[in-house]
Each structure stands twice: as C-alpha cells, then as structure tokens.
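Source file target-v2.txt; content: compact mmCIF, C-alpha atoms.
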# COMPACT_ATOMS: atom_id res chain seq x y z
CA MET A 1 26.35 -17.21 -12.04
CA PRO A 2 22.53 -16.81 -12.46
CA ARG A 3 21.29 -13.86 -14.47
CA ALA A 4 20.74 -10.83 -12.23
CA MET A 5 20.63 -8.12 -14.85
CA GLY A 6 16.97 -7.38 -14.20
CA TYR A 7 17.96 -6.69 -10.64
CA GLY A 8 20.68 -4.31 -11.76
CA PRO A 9 20.90 -0.54 -12.16
CA PRO A 10 17.72 1.36 -13.01
CA GLU A 11 17.32 3.33 -16.22
CA THR A 12 19.58 6.11 -14.92
CA GLY A 13 22.42 3.64 -14.54
CA GLN A 14 22.90 4.68 -10.92
CA PRO A 15 22.44 2.39 -7.91
CA LEU A 16 19.47 3.27 -5.73
CA VAL A 17 21.40 2.77 -2.50
CA ASN A 18 25.14 3.38 -2.25
CA ASP A 19 25.71 2.42 1.37
CA PRO A 20 23.15 0.01 2.80
CA THR A 21 22.74 0.11 6.54
CA PRO A 22 23.82 -2.86 8.68
CA GLU A 23 20.13 -3.55 9.30
CA GLN A 24 19.42 -3.69 5.56
CA ILE A 25 22.34 -6.02 4.96
CA GLU A 26 21.27 -8.29 7.82
CA GLN A 27 17.69 -8.44 6.56
CA PHE A 28 18.90 -9.00 3.00
CA GLN A 29 21.08 -11.92 4.09
CA SER A 30 18.37 -13.38 6.30
CA VAL A 31 15.82 -13.48 3.50
CA PHE A 32 18.36 -14.84 1.02
CA TYR A 33 19.10 -17.83 3.24
CA GLN A 34 15.42 -18.36 4.02
CA VAL A 35 14.73 -18.57 0.28
CA MET A 36 17.77 -20.76 -0.29
CA ASN A 37 16.75 -23.23 2.42
CA CYS A 38 12.98 -23.17 1.83
CA GLU A 39 11.61 -26.65 1.18
CA VAL A 40 8.07 -25.60 0.19
CA ARG A 41 7.92 -23.44 -2.94
CA GLU A 42 4.49 -22.09 -1.98
CA HIS A 43 6.12 -20.38 1.01
CA LEU A 44 8.58 -18.38 -1.10
CA PRO A 45 6.30 -15.43 -1.98
CA SER A 46 5.54 -14.66 1.66
CA ILE A 47 9.23 -14.89 2.58
CA VAL A 48 10.32 -12.33 -0.03
CA SER A 49 7.27 -10.07 0.18
CA GLY A 50 7.86 -9.58 3.90
CA SER A 51 11.09 -7.73 3.05
CA ILE A 52 10.15 -6.28 -0.33
CA ASP A 53 11.01 -2.72 0.74
CA VAL A 54 14.60 -3.72 1.45
CA PHE A 55 14.97 -5.57 -1.85
CA VAL A 56 13.47 -2.75 -3.89
CA ASP A 57 15.65 -0.16 -2.12
CA LEU A 58 18.74 -2.26 -2.83
CA ARG A 59 18.14 -2.65 -6.53
CA GLY A 60 21.10 -1.56 -8.65
CA ASP A 61 24.80 -2.18 -8.16
CA THR A 62 24.42 -2.52 -4.40
CA GLY A 63 21.81 -5.27 -4.64
CA VAL A 64 23.76 -7.16 -7.30
CA GLY A 65 26.88 -6.91 -5.16
CA LEU A 66 25.10 -8.32 -2.11
CA LEU A 67 23.64 -11.19 -4.12
CA ASN A 68 27.03 -12.01 -5.62
CA GLN A 69 28.55 -11.88 -2.16
CA GLN A 70 26.08 -14.39 -0.77
CA VAL A 71 26.57 -16.75 -3.69
CA ALA A 72 30.36 -16.48 -3.41
CA GLN A 73 30.21 -17.45 0.24
CA VAL A 74 28.16 -20.52 -0.60
CA GLU A 75 30.38 -21.45 -3.54
CA ALA A 76 33.37 -21.36 -1.18
CA THR A 77 31.91 -24.38 0.61
CA GLY A 78 32.31 -26.49 -2.52
CA ASP A 79 29.00 -28.22 -1.81
CA PRO A 80 27.19 -28.73 -5.16
CA GLU A 81 23.76 -28.96 -3.49
CA LEU A 82 24.20 -25.70 -1.58
CA ILE A 83 25.61 -23.95 -4.65
CA SER A 84 22.62 -25.05 -6.71
CA ARG A 85 20.26 -23.79 -4.01
CA ALA A 86 22.07 -20.44 -3.86
CA HIS A 87 21.77 -19.95 -7.62
CA ALA A 88 18.10 -20.89 -7.50
CA ALA A 89 17.55 -18.40 -4.66
CA VAL A 90 19.05 -15.60 -6.75
CA GLU A 91 16.85 -16.50 -9.71
CA TYR A 92 13.72 -16.52 -7.59
CA ILE A 93 14.50 -13.24 -5.81
CA VAL A 94 15.24 -11.51 -9.12
CA TYR A 95 12.08 -12.93 -10.69
CA PHE A 96 9.92 -11.88 -7.73
CA ILE A 97 11.22 -8.31 -7.64
CA GLU A 98 10.89 -7.88 -11.41
CA ALA A 99 7.29 -9.09 -11.16
CA PHE A 100 6.62 -6.83 -8.16
CA VAL A 101 8.04 -3.74 -9.86
CA GLY A 102 6.09 -4.53 -13.04
CA GLU A 103 2.86 -4.96 -11.10
CA ALA A 104 3.49 -1.73 -9.19
CA LYS A 105 4.01 0.15 -12.46
CA MET A 106 0.81 -1.29 -13.91
CA MET A 107 -1.13 -0.25 -10.81
CA ASP A 108 0.39 3.22 -10.97
CA ASP A 109 -0.62 3.54 -14.63
CA ASN A 110 -4.16 2.40 -13.79
CA ASN A 111 -4.38 4.92 -10.95
CA LYS A 112 -3.24 7.72 -13.25
CA GLN A 113 -5.81 6.74 -15.86
CA LEU A 114 -8.61 6.60 -13.29
CA LEU A 115 -7.67 10.00 -11.86
CA GLY A 116 -7.61 11.42 -15.38
CA LYS A 117 -11.14 10.12 -16.01
CA ILE A 118 -12.41 11.69 -12.78
CA ILE A 119 -10.88 15.07 -13.60
CA LYS A 120 -12.25 14.91 -17.14
CA CYS A 121 -15.70 14.16 -15.74
CA MET A 122 -15.47 17.05 -13.28
CA LEU A 123 -14.36 19.54 -15.93
CA ALA A 124 -16.72 18.44 -18.70
CA GLU A 125 -19.41 20.83 -19.81
CA GLU A 126 -22.95 20.15 -18.67
CA ASN A 127 -25.35 18.69 -21.20
CA GLN A 128 -29.11 18.60 -21.45
CA SER A 129 -29.54 15.03 -20.28
CA MET A 130 -27.52 15.20 -17.05
CA SER A 131 -26.00 17.87 -14.81
CA LYS A 132 -22.31 17.83 -13.93
CA ASP A 133 -23.01 16.67 -10.36
CA GLU A 134 -25.31 13.90 -11.57
CA ARG A 135 -22.73 12.75 -14.09
CA LEU A 136 -20.01 12.72 -11.41
CA ASP A 137 -22.27 10.80 -9.00
CA GLN A 138 -22.92 8.20 -11.67
CA PHE A 139 -19.24 7.93 -12.53
CA MET A 140 -18.27 7.50 -8.88
CA ALA A 141 -20.86 4.76 -8.42
CA ASN A 142 -19.71 2.93 -11.56
CA GLU A 143 -16.02 3.09 -10.58
CA MET A 144 -16.51 2.22 -6.92
CA GLN A 145 -14.52 -1.01 -7.16
CA SER A 146 -11.54 0.94 -8.51
CA PHE A 147 -11.26 3.14 -5.42
CA THR A 148 -8.67 0.98 -3.67
CA PRO A 149 -6.34 2.00 -0.83
CA GLY A 150 -3.63 2.23 -3.48
CA PHE A 151 -5.66 4.73 -5.50
CA LEU A 152 -6.32 6.82 -2.40
CA ARG A 153 -2.56 6.92 -1.71
CA HIS A 154 -1.91 7.89 -5.35
CA LEU A 155 -4.45 10.70 -5.06
CA GLU A 156 -2.90 12.00 -1.84
CA GLY A 157 0.54 11.85 -3.45
CA GLU A 158 -0.64 14.00 -6.35
CA CYS A 159 -2.18 16.51 -3.94
CA VAL A 160 1.08 16.77 -2.00
CA ARG A 161 3.14 17.01 -5.19
CA LEU A 162 1.14 19.99 -6.46
CA GLN A 163 1.16 21.60 -3.05
CA ASN A 164 4.96 21.39 -2.86
CA LEU A 165 5.69 22.84 -6.31
CA GLN A 166 8.14 25.71 -5.94
CA THR A 167 6.32 27.77 -8.57
CA GLN A 168 2.59 28.05 -8.02
CA THR A 169 0.44 29.28 -10.90
CA PRO A 170 -3.33 29.83 -11.05
CA GLU A 171 -3.53 26.59 -13.06
CA THR A 172 -1.68 24.50 -10.47
CA ALA A 173 -3.73 26.05 -7.66
CA ARG A 174 -6.94 25.23 -9.54
CA MET A 175 -5.78 21.65 -10.17
CA GLY A 176 -4.87 21.31 -6.49
CA GLN A 177 -8.41 22.34 -5.56
CA ILE A 178 -9.86 19.85 -8.03
CA LEU A 179 -7.73 17.04 -6.60
CA ARG A 180 -8.76 17.84 -3.03
CA VAL A 181 -12.44 17.86 -4.04
CA THR A 182 -11.86 14.56 -5.84
CA GLN A 183 -10.19 13.12 -2.74
CA ALA A 184 -13.14 14.16 -0.58
CA ARG A 185 -15.62 12.60 -3.00
CA VAL A 186 -13.67 9.33 -3.17
CA ILE A 187 -13.47 9.13 0.63
CA GLU A 188 -17.19 9.83 0.82
CA GLU A 189 -17.92 6.99 -1.60
CA LEU A 190 -15.65 4.63 0.33
CA GLY A 191 -17.45 5.55 3.53
CA LYS A 192 -20.80 4.73 1.95
CA GLU A 193 -19.53 1.33 0.87
CA LEU A 194 -18.26 0.18 4.24
CA GLY A 195 -19.70 -3.23 4.97
CA GLU A 196 -21.59 -4.42 8.00
CA GLY A 197 -20.12 -5.13 11.37
CA ALA A 198 -16.90 -7.09 11.40
CA GLN A 199 -16.37 -6.53 7.65
CA VAL A 200 -15.66 -2.87 8.36
CA LEU A 201 -12.63 -3.61 10.51
CA GLY A 202 -11.15 -5.77 7.78
CA GLN A 203 -11.80 -3.10 5.15
CA LEU A 204 -10.22 -0.35 7.23
CA LEU A 205 -7.14 -2.45 7.98
CA GLY A 206 -6.43 -2.37 4.25
CA TYR A 207 -5.31 1.26 4.55
CA GLU A 208 -1.63 1.68 5.35
CA THR A 209 -1.77 5.15 6.89
CA SER A 210 -3.73 6.46 9.82
CA GLU A 211 -4.89 9.44 7.77
CA GLU A 212 -6.51 7.26 5.10
CA ARG A 213 -8.08 4.90 7.60
CA ILE A 214 -9.58 7.62 9.80
CA ALA A 215 -10.82 9.65 6.81
CA VAL A 216 -12.77 6.67 5.46
CA LEU A 217 -13.99 5.73 8.95
CA ASP A 218 -15.21 9.28 9.57
CA ALA A 219 -17.03 9.33 6.24
CA GLY A 220 -18.69 6.01 7.03
CA LEU A 221 -19.80 7.18 10.46
CA GLN A 222 -21.26 10.37 9.03
CA VAL A 223 -23.24 8.42 6.44
CA ARG A 224 -24.38 5.55 8.67
CA GLY A 225 -25.00 7.36 11.95
CA VAL A 226 -24.76 6.69 15.68
CA ASP A 227 -26.36 3.22 15.71
CA PHE A 228 -23.76 2.01 13.24
CA ALA A 229 -21.05 3.67 15.36
CA ARG A 230 -22.23 1.85 18.46
CA GLU A 231 -22.14 -1.45 16.59
CA LEU A 232 -18.55 -0.75 15.53
CA LYS A 233 -17.60 0.33 19.04
CA ALA A 234 -18.75 -2.99 20.44
CA LEU A 235 -16.62 -4.79 17.85
CA THR A 236 -13.47 -2.76 18.49
CA GLU A 237 -13.87 -3.23 22.25
CA GLU A 238 -14.32 -6.97 21.73
CA ALA A 239 -11.26 -7.10 19.49
CA LEU A 240 -9.08 -5.22 21.97
CA GLN A 241 -10.21 -7.50 24.78
CA GLY A 242 -9.51 -10.53 22.63
CA PHE A 243 -6.00 -9.27 21.89
CA GLN A 244 -5.25 -9.24 25.61
CA ASN A 245 -6.36 -12.85 25.97
CA THR A 246 -4.52 -14.17 22.91
CA PRO A 247 -1.72 -16.62 23.84
CA GLY A 248 1.61 -15.30 22.64
CA GLY A 249 0.28 -11.79 22.16
CA VAL A 250 -0.76 -9.83 19.07
CA ASP A 251 1.23 -7.54 16.79
CA GLN A 252 1.46 -4.17 18.54
CA ASN A 253 0.82 -2.27 15.31
CA LEU A 254 -2.52 -4.06 14.91
CA ILE A 255 -3.44 -3.23 18.50
CA ASN A 256 -2.58 0.43 17.93
CA ILE A 257 -4.70 0.59 14.76
CA VAL A 258 -7.77 -0.93 16.41
CA ALA A 259 -7.30 1.25 19.51
CA GLU A 260 -7.12 4.34 17.30
CA MET A 261 -10.37 3.39 15.56
CA ASP A 262 -12.00 2.59 18.89
CA TYR A 263 -11.09 6.06 20.21
CA ARG A 264 -12.33 7.80 17.06
CA ILE A 265 -15.64 5.95 17.16
CA ALA A 266 -16.08 6.85 20.84
CA GLU A 267 -15.51 10.53 19.98
CA PHE A 268 -18.19 10.33 17.29
CA ILE A 269 -20.71 8.68 19.63
CA ASN A 270 -20.07 11.19 22.42
CA TYR A 271 -20.44 14.13 20.04
CA TYR A 272 -23.69 13.01 18.45
CA SER A 273 -25.35 11.39 21.48

Can you present the structure in this file as structure tokens?
Amino acid sequence: MPRAMGYGPPETGQPLVNDPTPEQIEQFQSVFYQVMNCEVREHLPSIVSGSIDVFVDLRGDTGVGLLNQQVAQVEATGDPELISRAHAAVEYIVYFIEAFVGEAKMMDDNNKQLLGKIIKCMLAEENQSMSKDERLDQFMANEMQSFTPGFLRHLEGECVRLQNLQTQTPETARMGQILRVTQARVIEELGKELGEGAQVLGQLLGYETSEERIAVLDAGLQVRGVDFARELKALTEEALQGFQNTPGGVDQNLINIVAEMDYRIAEFINYYS
C-alpha cells in the first residue's frame, strides 16, 4: 500500500472530519478515479486543485480510510495495471495535498510577517527625517506587490478574530482599531494600483469575496474618478452582453460577479454625475 502517512491525522491526532457527507464522498471518489485514469500528467494539478477543499477537509483518519477503500476496490479486480494506477493515484494525491498545505502555511507566515511590519511602522515613534504618515506612505508603496487578495483575507480574519474575543481589553480594542486603519490603507493602495480598462476586471476577479472585491473597486473609483468609472461601465456591459452570446453559456458565478461590479459602478456614476 502506498505511503499515506502525510495525509493522516493532524498534530492533534484527531481526524478533521468524522462523518463525511455523501456529496464529499462522491466528489472524493470522482477525483480519485480521474487521477487514476488521467493519461496526461500535466492535467493532474487542475484535477486535484478543483476539489482541494474536500481533500483538505478529509485529511486524517477519514481521508486515509477513503483512500484505502478506493484502492481495495481496485485491488479486488486483480488487474495489475489498474492496481498500479490506483497506488500511483494515492501517491500523487498525498503529494499534492502535502505541497498545498505547506504552501498555505508559508503564505500564512508571510502574511503574518507583513502585517507585523505594518503595525510596527504605524506604532513607531516619529523621527526628524520623516513623519509617521510619510514613513507609512513610503512603506505601503514599497510593499505594494505584497498586498495580495490572500493578505487582504488574512487582515480581515485578524480583524474579525479580535472583534469576537470574549474578553475585550483596552489593548485589544486599540489593536482592533489599528487593524481596521491598516485594512483601509491597504484597500486604498490597491485601489490606486488598479490597471487600465480590461485589466481591472481581471484584477478584481482575483478576490474571492464580494466584500473584498467591492472595497477595492470603490477605492479605485474614488481615486480615478467618473471618467474611469464610465470606461469600466462600458467594459462590464460589454462582458455581460458577451456572456449572453457565448455558446454553451458562462459560469453563473462569473456572471453574478461582473453584474455586481456593473451595478456598483453605475451607482458611483449616478452619484457623482
């Protein structure tokens, strides 16, 4: 049996999911057999990444049990080729998830370090050469490329975590205020850096939540003004029209996202015109 220990219980020794839903099991099995029967190795990452949430949720004893179950079913056929493919599928799935979890941890560590630098910059004493606001502006400009959608989600998560603490102290309240100010500054910087025309739609689609996407869009509209908004409005209208004429249709989630942006841009234009 291929090694699956890396896919086993987390540090607590407890499985992450005790009773997977029928939908999770069905998706798990579907991806397993897609990996097992895939003829082009370059296609494997997209197959597994499409269901990464299910695989990560099913880490631990439950995930190992489901993998063993799939392999056992294949081994029951007695077909050496299928058995070899099943073992290879397990190895690849385990490898991919280990790499994904490791990358996620590294990104989380980087986000924590970046947030720490921002807070340190905001709390540092002023010096003779540069005021606190000037120093923060310079820092934000230098770190612009680090303000990814993932960092914005990390920042929001920290804001919510402090807000939901059962015991609120003056220190936690102060830190919550600092994080919200930081969040506003980051969104403002992201708004300034929105590209031209069609690039903007691609940039905004990188945000997973409506709140993030609209916050950055609003900041960009405030900075760039009504002419920029009208340019974007023409693009969102064109995109929505194109979706209707696309053979086979377009993902409804994408349509909803573009329609939401189109509506928000129209509100901005109507308010400032």

* What is the CA of Gly150 in chain A to CA of Leu217 in chain A distance in Å? -> 16.6 Å

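Closest to Met144 in chain A among A:Cys121, A:Leu194, A:Val40, A:Leu162 is A:Leu194, based on only C-alpha atoms.
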
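The interatomic distance for the pair CA of Gln177 in chain A and CA of Cys159 in chain A works out to 8.7 Å.
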
Which residues are near range 22-30 of chain A? Cut-off 8 Å, all atoms listed in the file, ignore same chain within fewer than 6 positions. Put them as a CSV table (one decimal) with C-alpha atoms, in the coordinates of the input.
chain,number,residue,atom,x,y,z
A,51,SER,CA,11.1,-7.7,3.0
A,54,VAL,CA,14.6,-3.7,1.4
A,55,PHE,CA,15.0,-5.6,-1.8
A,66,LEU,CA,25.1,-8.3,-2.1
A,70,GLN,CA,26.1,-14.4,-0.8

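Considering the residues A:Leu123, A:Leu190, A:Leu114, A:Ile52 and counting all atoms listed in the file, Met175 in chain A has its shortest atom-to-atom contact with A:Leu123.
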
Residues of range 132-237 of chain A that have any atom at most 12 Å from an atom of range 254-258 of chain A: could you tabulate them with the shortest-distance atom pair and the distance in Å to one decimal, using all atoms listed in the file, ordered by chain and increasing number, as CSV?
residue,atom,partner,partner_atom,distance
A:Val200,CA,A:Val258,CA,11.4
A:Leu201,CA,A:Val258,CA,8.1
A:Gly202,CA,A:Val258,CA,10.5
A:Leu204,CA,A:Ile257,CA,9.4
A:Leu205,CA,A:Ile257,CA,7.8
A:Gly206,CA,A:Ile257,CA,11.1
A:Tyr207,CA,A:Ile257,CA,10.3
A:Glu208,CA,A:Ile257,CA,10.0
A:Thr209,CA,A:Ile257,CA,9.6
A:Ser210,CA,A:Ile257,CA,7.7
A:Glu211,CA,A:Ile257,CA,11.3
A:Glu212,CA,A:Ile257,CA,11.9
A:Arg213,CA,A:Ile257,CA,9.0
A:Ile214,CA,A:Ile257,CA,9.9
A:Leu217,CA,A:Val258,CA,11.8
A:Leu232,CA,A:Val258,CA,10.8
A:Lys233,CA,A:Val258,CA,10.3
A:Ala234,CA,A:Val258,CA,11.9
A:Leu235,CA,A:Val258,CA,9.8
A:Thr236,CA,A:Val258,CA,6.3
A:Glu237,CA,A:Val258,CA,8.8

* To do: State, in Å with one decimal place, the distance from CA of Ala219 in chain A to CA of Met107 in chain A.
  => 25.2 Å

Six-sided padding of 3 Å per side, axis-aligned box over range 243-258 of chain A, centre and edges in Å, one decimal, as AutoDock Vina command-line options:
--center_x -3.1 --center_y -8.0 --center_z 20.4 --size_x 15.4 --size_y 23.2 --size_z 17.2

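If all atoms listed in the file are the atoms counted, then among A:Ile119, A:Gly220, A:His87, A:Pro149 the closest residue to Arg180 in chain A is A:Ile119.
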